[in-house]
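Here's the structure, in C-alpha cells; my notes come after.
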Amino acid sequence: MTTEMEALKTRLRDTWIAGDFGEIAKSIEAGAEDFVSRIDLKPGMRVLDVACGTGNLAIPAAKTGADVTGIDIAPNLIDQAKARAEAEGVKAKFDVGDAEALPYEDGSFDVVMTMFGAMFAPRPEVAASELKRVCSPGGLIAMANWTPDAFTGQMFKTNAKHVPPPPMPSPILWGTEDAVRERFPDGVSDLQLNRKKITFIYPFGPADVVEHFRKYFGPTQKAFESLDEAGQAALRADLEQLWTENNRATDGTTEVESEYLEVRATRV
C-alpha cells in the first residue's frame, strides 16, 4: 500500500473505533436476522461475516449450527461480538482484520456475507476480489449495501455537505446495480440484485436520534468533532430535518424506513 492508503485506512479504523457502534447496531438487529434467514444456512456450513461489527449477522448465523467466523477492522467491535456470542450461548470465532486483506486461504468458506460493512472498504475492487477469493466454488457471496437515494444514503450525503468525505469512492455506490456488476465482472454467476427495506425504530424523537448518532456512531461523531460551533449547529439542523421529514411515527418516537441492495452471487 502507498503511504496515503495506509493513512486513509488508519483514519477509517479510528472512525469505526470511535463512539460505540454496538448501540447503533441494536436498531438493525431485526433486519440482520431477516437477512441471515434468507440465506438458508445449514449446520456445518463454513460462514464468514466480513466487517462483522458487533456480530449482527454472525450470531444468528451461528445459531443455525453453521461454523461461523467474523472479522472486523475495529478491535473494540470484535470484543463486543465475542461478549455477545458468549452471552447468547453461541460458538463463533472473531478476528481483527481488514476486508481488503482477509487472512484466510482461498475457498475457505461456503458463505461469505457482509451487511453494511465491506461497502466501507476504501478500495471496492479489492474488497470484491477478496470476497470472491475466500469463497469456495459454488459458494454464496451475500451483501447488504445502503442505496444512495434511500434514507441512509441521504444521511451520508448530508454529512458530506458539511464535512469533506474521505478520498475514496463513495460507499453508497455499492448500493447501485451498475457498480455491483462492474465490481464482480467475473468469477461469479447467478448475480441477483434485489432492493429490501429495513426500519429504524427509536423510543425518542428525531432531535434525540441525531444526538444518539452523534454520541455513538463513529462517522457522525467524527463529523461533529471536525466542525466549529456554527458548523455543528448547521449539521445538527440538517440531520434533524432529515429524520423529521422521514419519520412515520406520530407519538413522539421515531420510525424511519430505509432501503438497501441485497446482492447474491454464486462463486464459480
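Simple scheme: letters A, B, ... for chains in C-alpha cells order, numbers from 1 for residues in each chain, numbers from 1 for ligands in the order shown.
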
Considering only C-alpha atoms, return as a PyMOL selection string whatever protein or nucleic-acid residues lie within 7 Å of Ala207 of chain A, sequence-local ones (same chain, fewer than 3 positions apart) excluded. chain A and resi 210-211+240

Contacts of Ala128 of chain A at 12 Å (only C-alpha atoms; same-chain gap of 2+ positions) as a ChimeraX atom specification: /A:50,99-102,112-114,118-126,130-135,141-143,174,179-188,263,265,267

Write the residues of the preceding selection, restricted to N, CA and C atoms, as a compact mmCIF listing (two decimals), in the first residue's frame.
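Output file selection.txt follows:
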# COMPACT_ATOMS: atom_id res chain seq x y z
N VAL A 50 -17.91 -10.62 6.96
CA VAL A 50 -16.87 -9.62 6.72
C VAL A 50 -17.33 -8.26 7.21
N ALA A 99 -10.98 -6.08 5.51
CA ALA A 99 -11.78 -6.67 4.43
C ALA A 99 -11.02 -6.72 3.11
N GLU A 100 -9.99 -5.89 2.97
CA GLU A 100 -9.21 -5.88 1.74
C GLU A 100 -8.01 -6.82 1.79
N ALA A 101 -7.80 -7.47 2.92
CA ALA A 101 -6.67 -8.42 3.05
C ALA A 101 -7.08 -9.50 4.05
N LEU A 102 -8.07 -10.30 3.67
CA LEU A 102 -8.62 -11.30 4.57
C LEU A 102 -7.57 -12.39 4.86
N VAL A 112 -19.92 -16.27 2.21
CA VAL A 112 -19.22 -15.05 2.61
C VAL A 112 -20.26 -13.94 2.59
N MET A 113 -20.54 -13.36 3.74
CA MET A 113 -21.62 -12.39 3.84
C MET A 113 -21.12 -11.10 4.50
N THR A 114 -21.80 -10.01 4.22
CA THR A 114 -21.46 -8.73 4.82
C THR A 114 -22.67 -7.82 4.75
N ALA A 118 -18.51 -4.33 4.35
CA ALA A 118 -17.47 -4.28 3.32
C ALA A 118 -17.67 -3.11 2.36
N MET A 119 -18.87 -2.58 2.30
CA MET A 119 -19.12 -1.42 1.43
C MET A 119 -18.30 -0.20 1.83
N PHE A 120 -17.77 -0.18 3.06
CA PHE A 120 -17.00 0.96 3.53
C PHE A 120 -15.49 0.78 3.33
N ALA A 121 -15.06 -0.34 2.76
CA ALA A 121 -13.64 -0.51 2.44
C ALA A 121 -13.25 0.52 1.37
N PRO A 122 -12.06 1.12 1.47
CA PRO A 122 -11.72 2.23 0.58
C PRO A 122 -11.45 1.85 -0.86
N ARG A 123 -11.12 0.57 -1.11
CA ARG A 123 -10.85 0.11 -2.49
C ARG A 123 -11.87 -0.98 -2.83
N PRO A 124 -13.01 -0.62 -3.39
CA PRO A 124 -14.09 -1.59 -3.59
C PRO A 124 -13.72 -2.77 -4.46
N GLU A 125 -12.89 -2.55 -5.48
CA GLU A 125 -12.50 -3.67 -6.33
C GLU A 125 -11.65 -4.68 -5.55
N VAL A 126 -10.82 -4.19 -4.65
CA VAL A 126 -10.00 -5.08 -3.83
C VAL A 126 -10.89 -5.87 -2.87
N GLU A 130 -11.48 -9.96 -2.71
CA GLU A 130 -11.27 -10.75 -1.51
C GLU A 130 -12.51 -11.57 -1.14
N LEU A 131 -13.69 -10.99 -1.29
CA LEU A 131 -14.92 -11.74 -1.04
C LEU A 131 -14.97 -12.98 -1.93
N LYS A 132 -14.60 -12.81 -3.20
CA LYS A 132 -14.59 -13.94 -4.13
C LYS A 132 -13.51 -14.94 -3.76
N ARG A 133 -12.33 -14.45 -3.44
CA ARG A 133 -11.18 -15.33 -3.21
C ARG A 133 -11.43 -16.33 -2.09
N VAL A 134 -12.00 -15.87 -0.99
CA VAL A 134 -12.16 -16.75 0.18
C VAL A 134 -13.42 -17.60 0.10
N CYS A 135 -14.24 -17.38 -0.91
CA CYS A 135 -15.47 -18.15 -1.09
C CYS A 135 -15.17 -19.40 -1.93
N ILE A 141 -21.88 -15.57 -2.11
CA ILE A 141 -21.47 -14.25 -1.62
C ILE A 141 -22.75 -13.44 -1.44
N ALA A 142 -22.98 -12.91 -0.25
CA ALA A 142 -24.20 -12.16 0.06
C ALA A 142 -23.82 -10.83 0.70
N MET A 143 -24.36 -9.74 0.14
CA MET A 143 -24.08 -8.41 0.66
C MET A 143 -25.39 -7.66 0.91
N TRP A 174 -21.97 1.12 -3.72
CA TRP A 174 -22.22 -0.32 -3.59
C TRP A 174 -23.72 -0.63 -3.60
N ALA A 179 -22.74 -0.49 -10.27
CA ALA A 179 -21.45 -0.60 -9.59
C ALA A 179 -21.18 -2.04 -9.17
N VAL A 180 -22.21 -2.73 -8.69
CA VAL A 180 -22.02 -4.12 -8.28
C VAL A 180 -21.60 -4.97 -9.47
N ARG A 181 -22.26 -4.78 -10.60
CA ARG A 181 -21.90 -5.55 -11.80
C ARG A 181 -20.46 -5.25 -12.23
N GLU A 182 -20.05 -3.99 -12.13
CA GLU A 182 -18.69 -3.62 -12.50
C GLU A 182 -17.66 -4.24 -11.56
N ARG A 183 -18.02 -4.40 -10.30
CA ARG A 183 -17.07 -4.90 -9.30
C ARG A 183 -17.01 -6.41 -9.24
N PHE A 184 -17.98 -7.06 -9.85
CA PHE A 184 -17.95 -8.52 -10.00
C PHE A 184 -18.03 -8.87 -11.48
N PRO A 185 -17.01 -8.46 -12.25
CA PRO A 185 -17.08 -8.70 -13.71
C PRO A 185 -16.90 -10.15 -14.09
N ASP A 186 -16.28 -10.92 -13.21
CA ASP A 186 -16.06 -12.33 -13.50
C ASP A 186 -15.93 -13.07 -12.17
N GLY A 187 -15.86 -14.37 -12.26
CA GLY A 187 -15.68 -15.19 -11.06
C GLY A 187 -16.95 -15.50 -10.31
N VAL A 188 -18.10 -14.96 -10.76
CA VAL A 188 -19.38 -15.25 -10.13
C VAL A 188 -20.42 -15.54 -11.20
N VAL A 263 -27.36 -8.23 -2.43
CA VAL A 263 -26.55 -8.81 -3.50
C VAL A 263 -26.35 -10.30 -3.21
N ALA A 265 -24.52 -13.71 -5.11
CA ALA A 265 -23.73 -14.19 -6.24
C ALA A 265 -23.16 -15.56 -5.89
N ARG A 267 -20.20 -18.23 -6.42
CA ARG A 267 -18.79 -18.26 -6.83
C ARG A 267 -18.58 -19.40 -7.82

Using only C-alpha atoms, which protein or nucleic acid residues come within 12 Å of segment 161-170 of chain A? Drop anything in the same chain fewer than 2 positions from it, and give the result as a ChimeraX atom specification. /A:4-5,7-12,15,119-125,145-148,153-159,172-176,179,219-228,230-239

Expected file contents, prior selection, C-alpha atoms, as a compact mmCIF listing (two decimals), in the first residue's frame:
# COMPACT_ATOMS: atom_id res chain seq x y z
CA GLU A 4 -1.53 7.70 1.58
CA MET A 5 -3.58 4.50 1.62
CA ALA A 7 -3.04 6.84 6.38
CA LEU A 8 -6.57 6.55 4.99
CA LYS A 9 -7.01 3.08 6.48
CA THR A 10 -5.83 4.37 9.86
CA ARG A 11 -8.35 7.20 9.63
CA LEU A 12 -11.16 4.81 8.73
CA THR A 15 -13.65 6.36 12.78
CA MET A 119 -19.12 -1.42 1.43
CA PHE A 120 -17.00 0.96 3.53
CA ALA A 121 -13.64 -0.51 2.44
CA PRO A 122 -11.72 2.23 0.58
CA ARG A 123 -10.85 0.11 -2.49
CA PRO A 124 -14.09 -1.59 -3.59
CA GLU A 125 -12.50 -3.67 -6.33
CA ASN A 145 -25.46 -2.26 0.86
CA TRP A 146 -27.24 1.03 1.55
CA THR A 147 -28.66 2.61 -1.61
CA PRO A 148 -27.83 6.24 -2.49
CA GLY A 153 -27.79 7.32 1.69
CA GLN A 154 -29.29 10.76 2.24
CA MET A 155 -27.86 10.83 5.76
CA PHE A 156 -24.35 10.21 4.42
CA LYS A 157 -24.89 12.87 1.76
CA THR A 158 -25.99 15.32 4.46
CA ASN A 159 -22.78 14.72 6.39
CA ILE A 172 -23.12 4.04 -1.22
CA LEU A 173 -22.13 3.29 -4.82
CA TRP A 174 -22.22 -0.32 -3.59
CA GLY A 175 -25.98 0.19 -3.39
CA THR A 176 -26.28 0.65 -7.17
CA ALA A 179 -21.45 -0.60 -9.59
CA PRO A 219 -18.76 8.75 11.31
CA THR A 220 -21.28 11.19 12.80
CA GLN A 221 -19.17 11.75 15.91
CA LYS A 222 -16.09 12.49 13.82
CA ALA A 223 -18.08 14.85 11.58
CA PHE A 224 -19.25 16.92 14.54
CA GLU A 225 -15.76 16.97 16.10
CA SER A 226 -14.30 18.42 12.90
CA LEU A 227 -16.65 21.43 12.90
CA ASP A 228 -16.76 24.65 14.90
CA ALA A 230 -21.66 27.16 13.98
CA GLY A 231 -20.85 24.23 11.73
CA GLN A 232 -22.08 21.76 14.33
CA ALA A 233 -25.35 23.66 14.66
CA ALA A 234 -25.84 23.62 10.88
CA LEU A 235 -25.12 19.90 10.63
CA ARG A 236 -27.43 19.12 13.54
CA ALA A 237 -30.23 21.18 11.97
CA ASP A 238 -29.92 19.40 8.63
CA LEU A 239 -29.86 15.95 10.25

Enumerate the residues of segment 86-157 of chain A with a DSSP assignment of helix (DSSP H, G or I), computed from the backbone, and present them as a ChimeraX atom specification. /A:86-87,118-120,124-133,151-157

Top pick for closest residue to Thr253 of chain A, considering A:Ala25, A:Pro203, A:Val209, A:Gly218 and counting only C-alpha atoms: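 Of A:Ala25, A:Pro203, A:Val209, A:Gly218, the one nearest Thr253 of chain A, counting only C-alpha atoms, is A:Pro203.
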
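Across A:Asp251, A:Glu33, A:Glu177, A:Glu259, the tightest approach to Phe200 of chain A is made by A:Glu259 when counting only C-alpha atoms.
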
Distance query Phe94 of chain A at most 7 Å, only C-alpha atoms, self and fewer than 5 positions along chain excluded, as a ChimeraX atom specification: /A:69-71,78,82

Atomic distance atom CA of Pro103 of chain A - atom CA of Pro60 of chain A, expressed in Å with one decimal: 23.0 Å

Of A:Ala74, A:His212, A:Thr152, A:Lys63, the one sitting nearest Gly89 of chain A when using only C-alpha atoms is A:Lys63

Pick from A:Ile28, A:Pro43, A:Arg84, A:Ala144, whichever lies nearest to Gly55 of chain A using only C-alpha atoms: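 The answer is A:Arg84, which sits nearest to Gly55 of chain A.
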
Just the strand (DSSP E or B) stuff from segment 152-221 of chain A, please, per backbone DSSP, written as a ChimeraX atom specification. /A:188-202,217
